[in-house]
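Shown below: work.csv, with CSV, C-alpha atoms and all ligand atoms.
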chain,number,residue,atom,x,y,z
A,15,MET,CA,-31.6,-35.4,1.1
A,16,LYS,CA,-29.4,-33.3,-1.0
A,17,ALA,CA,-29.9,-29.6,-1.8
A,18,THR,CA,-28.0,-26.9,-3.6
A,19,ALA,CA,-28.3,-23.1,-3.3
A,20,ILE,CA,-26.7,-20.0,-4.8
A,21,ALA,CA,-26.4,-16.9,-2.8
A,22,ASN,CA,-24.9,-13.6,-4.0
A,23,SER,CA,-22.6,-11.5,-2.0
A,24,ASN,CA,-23.4,-8.0,-0.9
A,25,ILE,CA,-21.6,-4.8,-0.2
A,26,ALA,CA,-22.7,-2.7,2.7
A,27,LEU,CA,-23.8,0.9,1.8
A,28,THR,CA,-23.8,1.6,5.6
A,29,LYS,CA,-21.7,-0.8,7.5
A,30,TYR,CA,-22.1,-3.3,10.3
A,31,TRP,CA,-19.2,-2.9,12.6
A,32,GLY,CA,-19.4,-4.3,16.2
A,33,LYS,CA,-21.3,-7.1,17.9
A,34,ARG,CA,-23.6,-6.8,20.9
A,35,ASP,CA,-23.7,-10.7,21.2
A,36,LYS,CA,-21.0,-12.8,19.6
A,37,LYS,CA,-22.7,-16.1,20.0
A,38,MET,CA,-26.0,-15.0,18.5
A,39,MET,CA,-24.2,-12.7,16.1
A,40,LEU,CA,-26.2,-9.7,17.0
A,41,PRO,CA,-24.9,-6.3,15.8
A,42,LEU,CA,-24.5,-3.1,17.8
A,43,ASN,CA,-25.8,-1.2,14.8
A,44,GLY,CA,-28.1,-1.7,11.8
A,45,SER,CA,-26.7,-1.7,8.2
A,46,THR,CA,-27.8,-1.5,4.6
A,47,SER,CA,-26.4,-3.1,1.5
A,48,MET,CA,-26.7,-4.0,-2.2
A,49,THR,CA,-26.8,-7.6,-3.2
A,50,LEU,CA,-24.3,-8.0,-6.1
A,51,ASP,CA,-25.2,-9.9,-9.2
A,52,GLY,CA,-21.6,-10.5,-10.1
A,53,PHE,CA,-20.3,-12.4,-7.1
A,54,PHE,CA,-21.9,-15.6,-5.7
A,55,THR,CA,-21.3,-18.8,-3.8
A,56,LYS,CA,-22.9,-22.1,-4.9
A,57,THR,CA,-23.2,-24.8,-2.2
A,58,THR,CA,-24.5,-28.3,-2.1
A,59,VAL,CA,-25.4,-29.9,1.3
A,60,GLU,CA,-26.2,-33.6,1.9
A,61,PHE,CA,-27.0,-35.2,5.2
A,62,GLY,CA,-26.3,-39.0,5.2
A,63,ASP,CA,-24.6,-41.9,6.7
A,64,PHE,CA,-21.1,-40.6,6.1
A,65,GLU,CA,-18.1,-41.5,8.3
A,66,LYS,CA,-17.5,-37.9,9.2
A,67,ASP,CA,-18.5,-34.4,8.3
A,68,VAL,CA,-16.7,-33.3,5.1
A,69,PHE,CA,-16.3,-29.8,3.6
A,70,ILE,CA,-15.0,-29.4,0.0
A,71,VAL,CA,-14.2,-26.0,-1.5
A,72,SER,CA,-13.5,-25.9,-5.3
A,73,GLY,CA,-12.9,-29.7,-5.3
A,74,GLU,CA,-10.4,-29.7,-2.4
A,75,GLU,CA,-11.2,-31.0,1.1
A,76,VAL,CA,-10.8,-28.2,3.7
A,77,GLU,CA,-10.0,-28.9,7.4
A,78,GLY,CA,-9.3,-26.7,10.4
A,79,ARG,CA,-11.1,-23.5,11.4
A,80,PRO,CA,-13.1,-22.8,8.2
A,81,ALA,CA,-14.4,-26.3,8.2
A,82,GLU,CA,-15.2,-26.1,11.9
A,83,LYS,CA,-17.3,-23.0,11.3
A,84,VAL,CA,-19.3,-24.7,8.7
A,85,TYR,CA,-20.0,-27.8,10.8
A,86,LYS,CA,-20.9,-25.6,13.8
A,87,HIS,CA,-23.4,-23.8,11.6
A,88,LEU,CA,-24.8,-27.0,10.3
A,89,ASN,CA,-25.2,-28.1,14.0
A,90,LEU,CA,-27.8,-25.3,14.3
A,91,ILE,CA,-29.7,-26.9,11.4
A,92,ARG,CA,-29.2,-30.4,12.7
A,93,GLU,CA,-30.6,-29.3,16.1
A,94,LYS,CA,-33.6,-27.6,14.5
A,95,ALA,CA,-34.4,-30.5,12.3
A,96,GLY,CA,-33.7,-33.1,15.0
A,97,ILE,CA,-31.2,-35.0,12.8
A,98,LYS,CA,-27.9,-36.6,13.8
A,99,GLN,CA,-26.5,-37.6,10.4
A,100,LYS,CA,-23.1,-36.5,9.2
A,101,VAL,CA,-22.9,-34.0,6.4
A,102,LYS,CA,-21.1,-33.5,3.1
A,103,VAL,CA,-20.8,-29.9,1.9
A,104,ALA,CA,-19.3,-28.7,-1.4
A,105,SER,CA,-18.9,-25.1,-2.1
A,106,GLU,CA,-17.6,-22.8,-4.9
A,107,ASN,CA,-17.1,-19.1,-5.1
A,108,ASN,CA,-16.8,-17.3,-8.4
A,109,PHE,CA,-14.5,-14.8,-6.7
A,110,PRO,CA,-11.5,-14.8,-4.3
A,111,THR,CA,-12.3,-15.4,-0.7
A,112,ALA,CA,-11.6,-13.2,2.3
A,113,ALA,CA,-10.4,-10.1,0.4
A,114,GLY,CA,-13.2,-7.8,1.5
A,115,LEU,CA,-15.6,-9.0,-1.2
A,116,ALA,CA,-18.0,-10.5,1.3
A,117,SER,CA,-17.4,-14.2,0.7
A,118,SER,CA,-18.6,-15.0,4.2
A,119,ALA,CA,-21.9,-13.3,3.3
A,120,SER,CA,-22.7,-15.3,0.2
A,121,GLY,CA,-21.1,-18.4,1.8
A,122,PHE,CA,-23.2,-18.6,4.9
A,123,ALA,CA,-26.4,-17.5,3.0
A,124,ALA,CA,-25.9,-20.3,0.5
A,125,LEU,CA,-25.0,-22.8,3.2
A,126,SER,CA,-28.1,-21.9,5.2
A,127,VAL,CA,-30.5,-22.1,2.3
A,128,ALA,CA,-29.1,-25.4,1.0
A,129,GLY,CA,-28.6,-26.8,4.5
A,130,ALA,CA,-32.1,-26.0,5.7
A,131,LYS,CA,-33.6,-27.6,2.6
A,132,ALA,CA,-31.4,-30.7,2.8
A,133,ALA,CA,-32.5,-31.1,6.4
A,134,GLY,CA,-36.2,-31.0,5.4
A,135,LEU,CA,-36.8,-27.6,7.1
A,136,GLU,CA,-39.2,-25.2,5.5
A,137,LEU,CA,-38.0,-21.8,6.5
A,138,ASN,CA,-39.3,-18.5,5.3
A,139,GLU,CA,-37.1,-15.6,4.1
A,140,GLN,CA,-37.0,-14.1,7.6
A,141,GLU,CA,-36.0,-17.3,9.3
A,142,LEU,CA,-33.4,-18.0,6.6
A,143,SER,CA,-31.9,-14.5,7.2
A,144,ILE,CA,-31.8,-15.1,10.9
A,145,LEU,CA,-30.1,-18.5,10.4
A,146,SER,CA,-27.6,-17.0,8.0
A,147,ARG,CA,-26.8,-14.3,10.5
A,148,ARG,CA,-25.6,-16.9,13.0
A,149,GLY,CA,-22.9,-17.9,10.5
A,150,SER,CA,-21.8,-14.3,9.5
A,151,GLY,CA,-23.7,-11.1,10.3
A,152,SER,CA,-23.5,-9.8,6.7
A,153,ALA,CA,-25.0,-13.1,5.4
A,154,SER,CA,-28.3,-12.1,6.9
A,155,ARG,CA,-28.5,-9.5,4.0
A,156,SER,CA,-27.4,-11.9,1.2
A,157,VAL,CA,-30.6,-13.9,1.6
A,158,LEU,CA,-32.5,-11.0,0.0
A,159,GLY,CA,-32.0,-9.4,-3.4
A,160,GLY,CA,-31.7,-5.8,-4.5
A,161,PHE,CA,-31.2,-3.3,-1.7
A,162,VAL,CA,-31.4,-4.6,1.8
A,163,GLU,CA,-31.6,-3.3,5.4
A,164,TRP,CA,-30.4,-5.5,8.3
A,165,LYS,CA,-32.3,-4.4,11.3
A,166,LYS,CA,-30.2,-4.5,14.4
A,167,GLY,CA,-33.1,-5.6,16.6
A,168,GLU,CA,-33.4,-5.3,20.4
A,169,LYS,CA,-34.2,-8.8,21.6
A,170,GLU,CA,-31.7,-11.1,23.2
A,171,ASP,CA,-32.8,-14.1,21.2
A,172,GLY,CA,-32.1,-12.3,17.9
A,173,SER,CA,-35.7,-12.9,16.6
A,174,ASP,CA,-35.9,-9.3,15.5
A,175,SER,CA,-32.5,-9.0,13.8
A,176,TYR,CA,-32.8,-9.9,10.2
A,177,GLY,CA,-32.6,-8.6,6.6
A,178,GLU,CA,-35.5,-6.8,4.9
A,179,GLN,CA,-35.7,-5.7,1.3
A,180,ILE,CA,-35.6,-1.9,0.8
A,181,ALA,CA,-36.1,-2.2,-3.0
A,182,ALA,CA,-36.1,-5.1,-5.5
A,183,PRO,CA,-33.2,-5.6,-7.9
A,184,GLY,CA,-35.3,-4.2,-10.8
A,185,TYR,CA,-36.2,-1.0,-8.9
A,186,TRP,CA,-32.9,0.8,-9.6
A,187,PRO,CA,-31.2,-1.3,-12.3
A,188,GLU,CA,-28.9,1.5,-13.3
A,189,PHE,CA,-27.0,1.4,-10.0
A,190,ARG,CA,-23.5,0.0,-10.3
A,191,MET,CA,-20.9,-1.3,-7.8
A,192,VAL,CA,-17.5,-1.6,-9.4
A,193,ALA,CA,-15.3,-4.0,-7.3
A,194,THR,CA,-11.8,-2.7,-7.8
A,195,ILE,CA,-9.3,-5.4,-6.9
A,196,VAL,CA,-5.9,-4.3,-5.8
A,197,THR,CA,-4.9,-7.6,-4.3
A,198,GLU,CA,-6.3,-11.1,-4.2
A,199,ALA,CA,-4.5,-11.8,-0.9
A,200,GLN,CA,-6.4,-12.9,2.2
A,201,LYS,CA,-7.1,-10.1,4.7
A,202,ARG,CA,-4.8,-9.8,7.7
A,203,VAL,CA,-7.4,-9.2,10.4
A,204,SER,CA,-10.7,-11.0,10.2
A,205,SER,CA,-13.9,-8.9,10.6
A,206,THR,CA,-14.7,-10.8,13.8
A,207,SER,CA,-11.5,-9.9,15.6
A,208,GLY,CA,-11.4,-6.4,14.0
A,209,MET,CA,-14.8,-5.6,15.3
A,210,ALA,CA,-14.1,-7.0,18.8
A,211,GLN,CA,-10.9,-4.9,19.0
A,212,THR,CA,-12.7,-1.8,17.9
A,213,VAL,CA,-15.5,-2.2,20.4
A,214,GLU,CA,-13.0,-2.8,23.2
A,215,THR,CA,-10.3,-0.3,22.4
A,216,CYS,CA,-11.5,2.5,20.1
A,217,PRO,CA,-12.3,5.8,21.8
A,218,LEU,CA,-14.1,6.9,18.6
A,219,TYR,CA,-16.5,4.0,18.6
A,220,PRO,CA,-19.4,5.8,20.5
A,221,GLY,CA,-19.2,8.5,17.8
A,222,TRP,CA,-19.7,5.8,15.1
A,223,LEU,CA,-22.7,4.3,16.9
A,224,SER,CA,-24.4,7.7,17.4
A,225,SER,CA,-24.2,8.6,13.7
A,226,VAL,CA,-25.1,5.3,12.0
A,227,GLU,CA,-28.9,5.5,12.2
A,228,ALA,CA,-29.0,8.8,10.3
A,229,ASP,CA,-26.9,7.3,7.6
A,230,ILE,CA,-29.3,4.3,7.3
A,231,GLU,CA,-32.3,6.7,6.9
A,232,ALA,CA,-30.4,8.8,4.3
A,233,VAL,CA,-29.4,5.7,2.3
A,234,LYS,CA,-33.0,4.3,2.4
A,235,LYS,CA,-34.4,7.7,1.2
A,236,GLY,CA,-31.7,7.8,-1.5
A,237,ILE,CA,-32.6,4.4,-2.8
A,238,LYS,CA,-36.3,5.1,-2.8
A,239,GLU,CA,-35.7,8.3,-4.7
A,240,LYS,CA,-33.0,6.8,-6.9
A,241,ASP,CA,-30.7,9.6,-5.8
A,242,LEU,CA,-27.0,8.5,-6.4
A,243,THR,CA,-25.7,11.7,-4.8
A,244,LEU,CA,-27.5,10.9,-1.5
A,245,VAL,CA,-26.7,7.2,-1.5
A,246,GLY,CA,-23.1,7.6,-2.7
A,247,SER,CA,-22.1,10.5,-0.5
A,248,THR,CA,-23.7,8.9,2.6
A,249,ALA,CA,-22.1,5.5,1.9
A,250,GLU,CA,-18.7,7.0,1.3
A,251,HIS,CA,-18.8,9.0,4.5
A,252,ASN,CA,-20.1,6.0,6.4
A,253,ALA,CA,-17.2,3.8,5.2
A,254,LEU,CA,-14.7,6.5,6.2
A,255,LYS,CA,-16.2,6.7,9.6
A,256,MET,CA,-15.9,2.9,10.0
A,257,HIS,CA,-12.3,3.0,8.8
A,258,ALA,CA,-11.6,5.8,11.2
A,259,THR,CA,-12.7,3.6,14.1
A,260,MET,CA,-10.6,0.7,12.8
A,261,ILE,CA,-7.5,2.9,12.5
A,262,ALA,CA,-8.0,4.3,16.0
A,263,THR,CA,-8.0,0.9,17.7
A,264,ASN,CA,-5.1,-0.4,19.8
A,265,PRO,CA,-3.2,-1.9,18.1
A,266,PRO,CA,-4.4,-0.2,14.9
A,267,ILE,CA,-6.1,-2.0,12.1
A,268,ILE,CA,-5.3,-0.5,8.8
A,269,TYR,CA,-6.8,-2.3,5.9
A,270,TRP,CA,-5.7,0.2,3.3
A,271,ILE,CA,-2.7,-0.3,1.1
A,272,PRO,CA,-1.2,2.4,-1.2
A,273,ALA,CA,-3.3,1.3,-4.1
A,274,SER,CA,-6.5,1.7,-2.0
A,275,VAL,CA,-5.6,5.3,-1.1
A,276,GLU,CA,-4.7,6.1,-4.7
A,277,ILE,CA,-8.2,5.0,-5.8
A,278,ILE,CA,-9.8,7.0,-3.1
A,279,HIS,CA,-8.0,10.2,-4.2
A,280,ALA,CA,-8.8,9.4,-7.9
A,281,VAL,CA,-12.5,9.0,-7.2
A,282,MET,CA,-12.7,12.3,-5.4
A,283,THR,CA,-10.8,14.1,-8.2
A,284,TRP,CA,-13.0,12.5,-10.9
A,285,ARG,CA,-16.1,13.7,-9.0
A,286,GLU,CA,-14.7,17.2,-8.8
A,287,GLU,CA,-14.3,17.0,-12.6
A,288,GLY,CA,-18.0,16.1,-13.0
A,289,LEU,CA,-17.9,12.3,-13.2
A,290,GLU,CA,-20.2,11.2,-10.4
A,291,CYS,CA,-18.8,8.2,-8.5
A,292,TYR,CA,-18.2,7.3,-4.8
A,293,PHE,CA,-16.1,4.8,-3.0
A,294,THR,CA,-16.7,2.4,-0.2
A,295,MET,CA,-14.4,-0.2,1.5
A,296,ASP,CA,-14.8,-3.1,3.9
A,297,ALA,CA,-12.4,-5.2,6.0
A,298,GLY,CA,-9.8,-5.4,3.3
A,299,PRO,CA,-7.8,-3.3,0.8
A,300,ASN,CA,-10.1,-3.6,-2.2
A,301,VAL,CA,-12.2,-0.6,-3.1
A,302,LYS,CA,-15.8,-0.6,-4.4
A,303,VAL,CA,-16.8,2.3,-6.6
A,304,MET,CA,-20.5,3.3,-7.0
A,305,CYS,CA,-21.8,5.0,-10.1
A,306,LEU,CA,-24.7,4.8,-12.6
A,307,GLU,CA,-24.8,2.7,-15.7
A,308,LYS,CA,-24.3,5.8,-18.0
A,309,ASP,CA,-20.9,6.4,-16.4
A,310,GLN,CA,-19.8,2.8,-16.0
A,311,GLU,CA,-17.6,2.6,-19.0
A,312,GLU,CA,-15.7,5.7,-18.2
A,313,VAL,CA,-15.3,4.9,-14.5
A,314,VAL,CA,-14.0,1.3,-15.3
A,315,LYS,CA,-11.6,2.6,-17.8
A,316,LYS,CA,-10.2,5.3,-15.5
A,317,LEU,CA,-9.9,2.7,-12.6
A,318,GLU,CA,-8.1,0.2,-14.8
A,319,ASP,CA,-5.6,2.9,-15.9
A,320,LEU,CA,-4.5,3.3,-12.3
A,321,GLY,CA,-1.2,1.6,-11.5
A,322,GLY,CA,-2.2,-0.6,-8.6
A,323,VAL,CA,-5.5,-1.9,-9.9
A,324,VAL,CA,-5.4,-5.6,-10.8
A,325,ARG,CA,-8.9,-5.8,-12.3
A,326,THR,CA,-12.4,-4.6,-11.9
A,327,GLU,CA,-15.7,-6.5,-11.7
A,328,VAL,CA,-19.0,-4.6,-12.2
A,329,SER,CA,-22.1,-5.6,-10.4
A,330,LYS,CA,-25.8,-4.5,-10.7
A,331,PRO,CA,-28.3,-5.1,-8.0
A,332,GLY,CA,-28.5,-8.9,-7.7
A,333,PRO,CA,-31.0,-11.5,-6.9
A,334,ALA,CA,-32.0,-13.2,-3.6
A,335,ALA,CA,-30.5,-16.5,-2.5
A,336,ARG,CA,-32.3,-19.4,-4.2
A,337,LEU,CA,-32.3,-23.2,-4.5
A,338,VAL,CA,-31.1,-24.7,-7.8
A,339,LYS,CA,-31.3,-28.1,-9.3
A,340,GLU,CA,-27.7,-28.7,-10.5
A,341,HIS,CA,-25.7,-30.1,-7.5
A,342,LEU,CA,-22.0,-29.9,-7.1
A,343,PHE,CA,-21.7,-33.6,-6.4
B,1,LIG,O1,-20.4,-10.3,8.6
B,1,LIG,P1,-18.9,-10.2,8.5
B,1,LIG,O2,-18.2,-10.9,9.6
B,1,LIG,O3,-18.4,-10.6,7.2
B,1,LIG,O4,-18.6,-8.6,8.7
B,1,LIG,C1,-18.8,-7.7,7.7
B,1,LIG,C2,-18.1,-6.4,8.0
B,1,LIG,C3,-18.0,-5.4,6.9
B,1,LIG,O5,-17.9,-6.0,5.6
B,1,LIG,C4,-16.8,-4.5,7.1
B,1,LIG,C5,-19.2,-4.5,6.9
B,1,LIG,C6,-20.5,-5.0,6.4
B,1,LIG,O6,-21.6,-4.5,6.9
B,1,LIG,O7,-20.5,-5.8,5.5
Any chance you could give the structure as structure tokens?
Amino acid sequence: MKATAIANSNIALTKYWGKRDKKMMLPLNGSTSMTLDGFFTKTTVEFGDFEKDVFIVSGEEVEGRPAEKVYKHLNLIREKAGIKQKVKVASENNFPTAAGLASSASGFAALSVAGAKAAGLELNEQELSILSRRGSGSASRSVLGGFVEWKKGEKEDGSDSYGEQIAAPGYWPEFRMVATIVTEAQKRVSSTSGMAQTVETCPLYPGWLSSVEADIEAVKKGIKEKDLTLVGSTAEHNALKMHATMIATNPPIIYWIPASVEIIHAVMTWREEGLECYFTMDAGPNVKVMCLEKDQEEVVKKLEDLGGVVRTEVSKPGPAARLVKEHLF
């Protein structure tokens, strides 16, 4: 059977950085995020009597490591469903991959939702989140819409480590995440190797772990109360703490480029001047700026006036992953 799903990417408000189990993709800390309406992956999966597994991205066949990761993920689904057939997968992103815009999150969420359906599995939201997590940790959050918490869980089998909605997309529709693109280039250190290096070599990492839970509670409270000051200031501080641990690994991982730092300083200055906005960054040089709808136009204009900014893309809280009828092949 053939099935197609769309999953939106998400940006963490409090970050996931560090695994306690690499195979099961279990985190050392919980995280929270907003699902983005602006960025998504569409994926079609078909199991059948094909000669070999095939993975096509934007019309081009992909081989090597990215394809292997996709087939490995589909093996989990084949095992669960008890099928041995080969698979054909086609996928499209409406944004550049691997530049810190969470393509793995939307990618593995879309692959899991489409793959499970194509294999005849009827999985609930929690099971789909757990399955997506096995492909990429942050994908566990992209199965849900709006504002999401990924609970780190305690169990070794990962059955208590999944995404849960904090608030639906329509709860706080004024919240904006402005993805500020400074380069479309692929990131230099993948999040997987960056996390492993941080856990192994960073002397600051225990400090990170000891402060994350309080940030998660603050962000959840801020979302419930629709308090941008609380959500934004907590998210900003949390991102800086994560980047401090990245920078203090051996060898160092510095995702920032001059344009990223320029945006950080600009956001802090605008805030001092009374324009309320906050920044966050992931495993790449692009910066995401949080603000409310009423300030969106001004924030976007100011960002686009900065020298190093290539373009901006504004997102509201976006929908959950879903099956769609229009297939890619
Ligand atoms: O799930 P991954 O491997 O894409 O890792 C995500 C890591 C960060 O984007 C830096 C943080 C996060 O929680 O999304």
**Prompt:** Near Ser118 (chain A), within 7 Å and counting all atoms listed in the file, which residues show up once chain neighbours fewer than 2 positions away are dropped, as a ChimeraX atom specification?
**Reply:** /A:116,120-122,150,153
Given a cut-off of 7 Å, what residues near ligand LIG 1 (chain B) show up using only C-alpha atoms and all ligand atoms, put as a PDB file with C-alpha atoms, keeping the file's coordinate frame?
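File written: pocket.pdb
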ATOM      1  CA  ILE A  25     -21.600  -4.800  -0.200  1.00  0.00           C
ATOM      2  CA  ALA A  26     -22.700  -2.700   2.700  1.00  0.00           C
ATOM      3  CA  THR A  28     -23.800   1.600   5.600  1.00  0.00           C
ATOM      4  CA  LYS A  29     -21.700  -0.800   7.500  1.00  0.00           C
ATOM      5  CA  TYR A  30     -22.100  -3.300  10.300  1.00  0.00           C
ATOM      6  CA  TRP A  31     -19.200  -2.900  12.600  1.00  0.00           C
ATOM      7  CA  SER A  45     -26.700  -1.700   8.200  1.00  0.00           C
ATOM      8  CA  GLY A 114     -13.200  -7.800   1.500  1.00  0.00           C
ATOM      9  CA  ALA A 116     -18.000 -10.500   1.300  1.00  0.00           C
ATOM     10  CA  SER A 118     -18.600 -15.000   4.200  1.00  0.00           C
ATOM     11  CA  ALA A 119     -21.900 -13.300   3.300  1.00  0.00           C
ATOM     12  CA  SER A 150     -21.800 -14.300   9.500  1.00  0.00           C
ATOM     13  CA  GLY A 151     -23.700 -11.100  10.300  1.00  0.00           C
ATOM     14  CA  SER A 152     -23.500  -9.800   6.700  1.00  0.00           C
ATOM     15  CA  ALA A 153     -25.000 -13.100   5.400  1.00  0.00           C
ATOM     16  CA  SER A 205     -13.900  -8.900  10.600  1.00  0.00           C
ATOM     17  CA  THR A 206     -14.700 -10.800  13.800  1.00  0.00           C
ATOM     18  CA  ASP A 296     -14.800  -3.100   3.900  1.00  0.00           C
ATOM     19  CA  ALA A 297     -12.400  -5.200   6.000  1.00  0.00           C
TER      20      ALA A 297
END
**Asked** Counting all atoms listed in the file, what is within 12 Å of His279 (chain A), bar same-chain residues fewer than 3 positions away, as a PyMOL selection string?
**Response** chain A and resi 272-276+282-286+291-293+301+317+320
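Nearest to Ala253 (chain A) of all the residues A:Thr294, A:Ser143, A:Thr197, A:Ser72 is A:Thr294, based on all atoms listed in the file.
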**Asked** At what distance in Å, to one decimal, does CA of Val192 (chain A) lie from CA of Glu327 (chain A)?
**Response** 5.7 Å
**Item:** Exercise: region 36-43 of chain A partners within 6 Å, only C-alpha atoms, chain neighbours under 3 positions left out, as a list in words
**Value:**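 Residues meeting the cut-off are Gly32, Lys33, Arg148 and Lys166 of chain A.
Non-sequential neighbours of Asp229 (chain A) (distance at most 9 Å, separation of 6 or more positions within a chain, all atoms listed in the file) are Thr28, Thr248, Ala249, His251 and Asn252 of chain A.
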**Nearest-residue call for Asp35 (chain A), choices A:Glu77, A:Glu312, A:Asp171, A:Asp67, using only C-alpha atoms** =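 Closest to Asp35 (chain A), using only C-alpha atoms: A:Asp171.
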With all atoms listed in the file counted, which protein, DNA or RNA residues have an atom no more than 10 Å from (-15.1, 3.8, 19.6) in the file frame? Please answer as a compact mmCIF listing (two decimals) with C-alpha atoms, in the coordinates of the input.
# COMPACT_ATOMS: atom_id res chain seq x y z
CA GLY A 32 -19.40 -4.30 16.20
CA GLN A 211 -10.90 -4.90 19.00
CA THR A 212 -12.70 -1.80 17.90
CA VAL A 213 -15.50 -2.20 20.40
CA GLU A 214 -13.00 -2.80 23.20
CA THR A 215 -10.30 -0.30 22.40
CA CYS A 216 -11.50 2.50 20.10
CA PRO A 217 -12.30 5.80 21.80
CA LEU A 218 -14.10 6.90 18.60
CA TYR A 219 -16.50 4.00 18.60
CA PRO A 220 -19.40 5.80 20.50
CA GLY A 221 -19.20 8.50 17.80
CA TRP A 222 -19.70 5.80 15.10
CA LEU A 223 -22.70 4.30 16.90
CA MET A 256 -15.90 2.90 10.00
CA ALA A 258 -11.60 5.80 11.20
CA THR A 259 -12.70 3.60 14.10
CA MET A 260 -10.60 0.70 12.80
CA ALA A 262 -8.00 4.30 16.00
CA THR A 263 -8.00 0.90 17.70
**Prompt:** Separation of CA of Ile195 (chain A) and CA of Val314 (chain A), in Å?
**Reply:**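 Between CA of Ile195 (chain A) and CA of Val314 (chain A) the gap works out to 11.7 Å.
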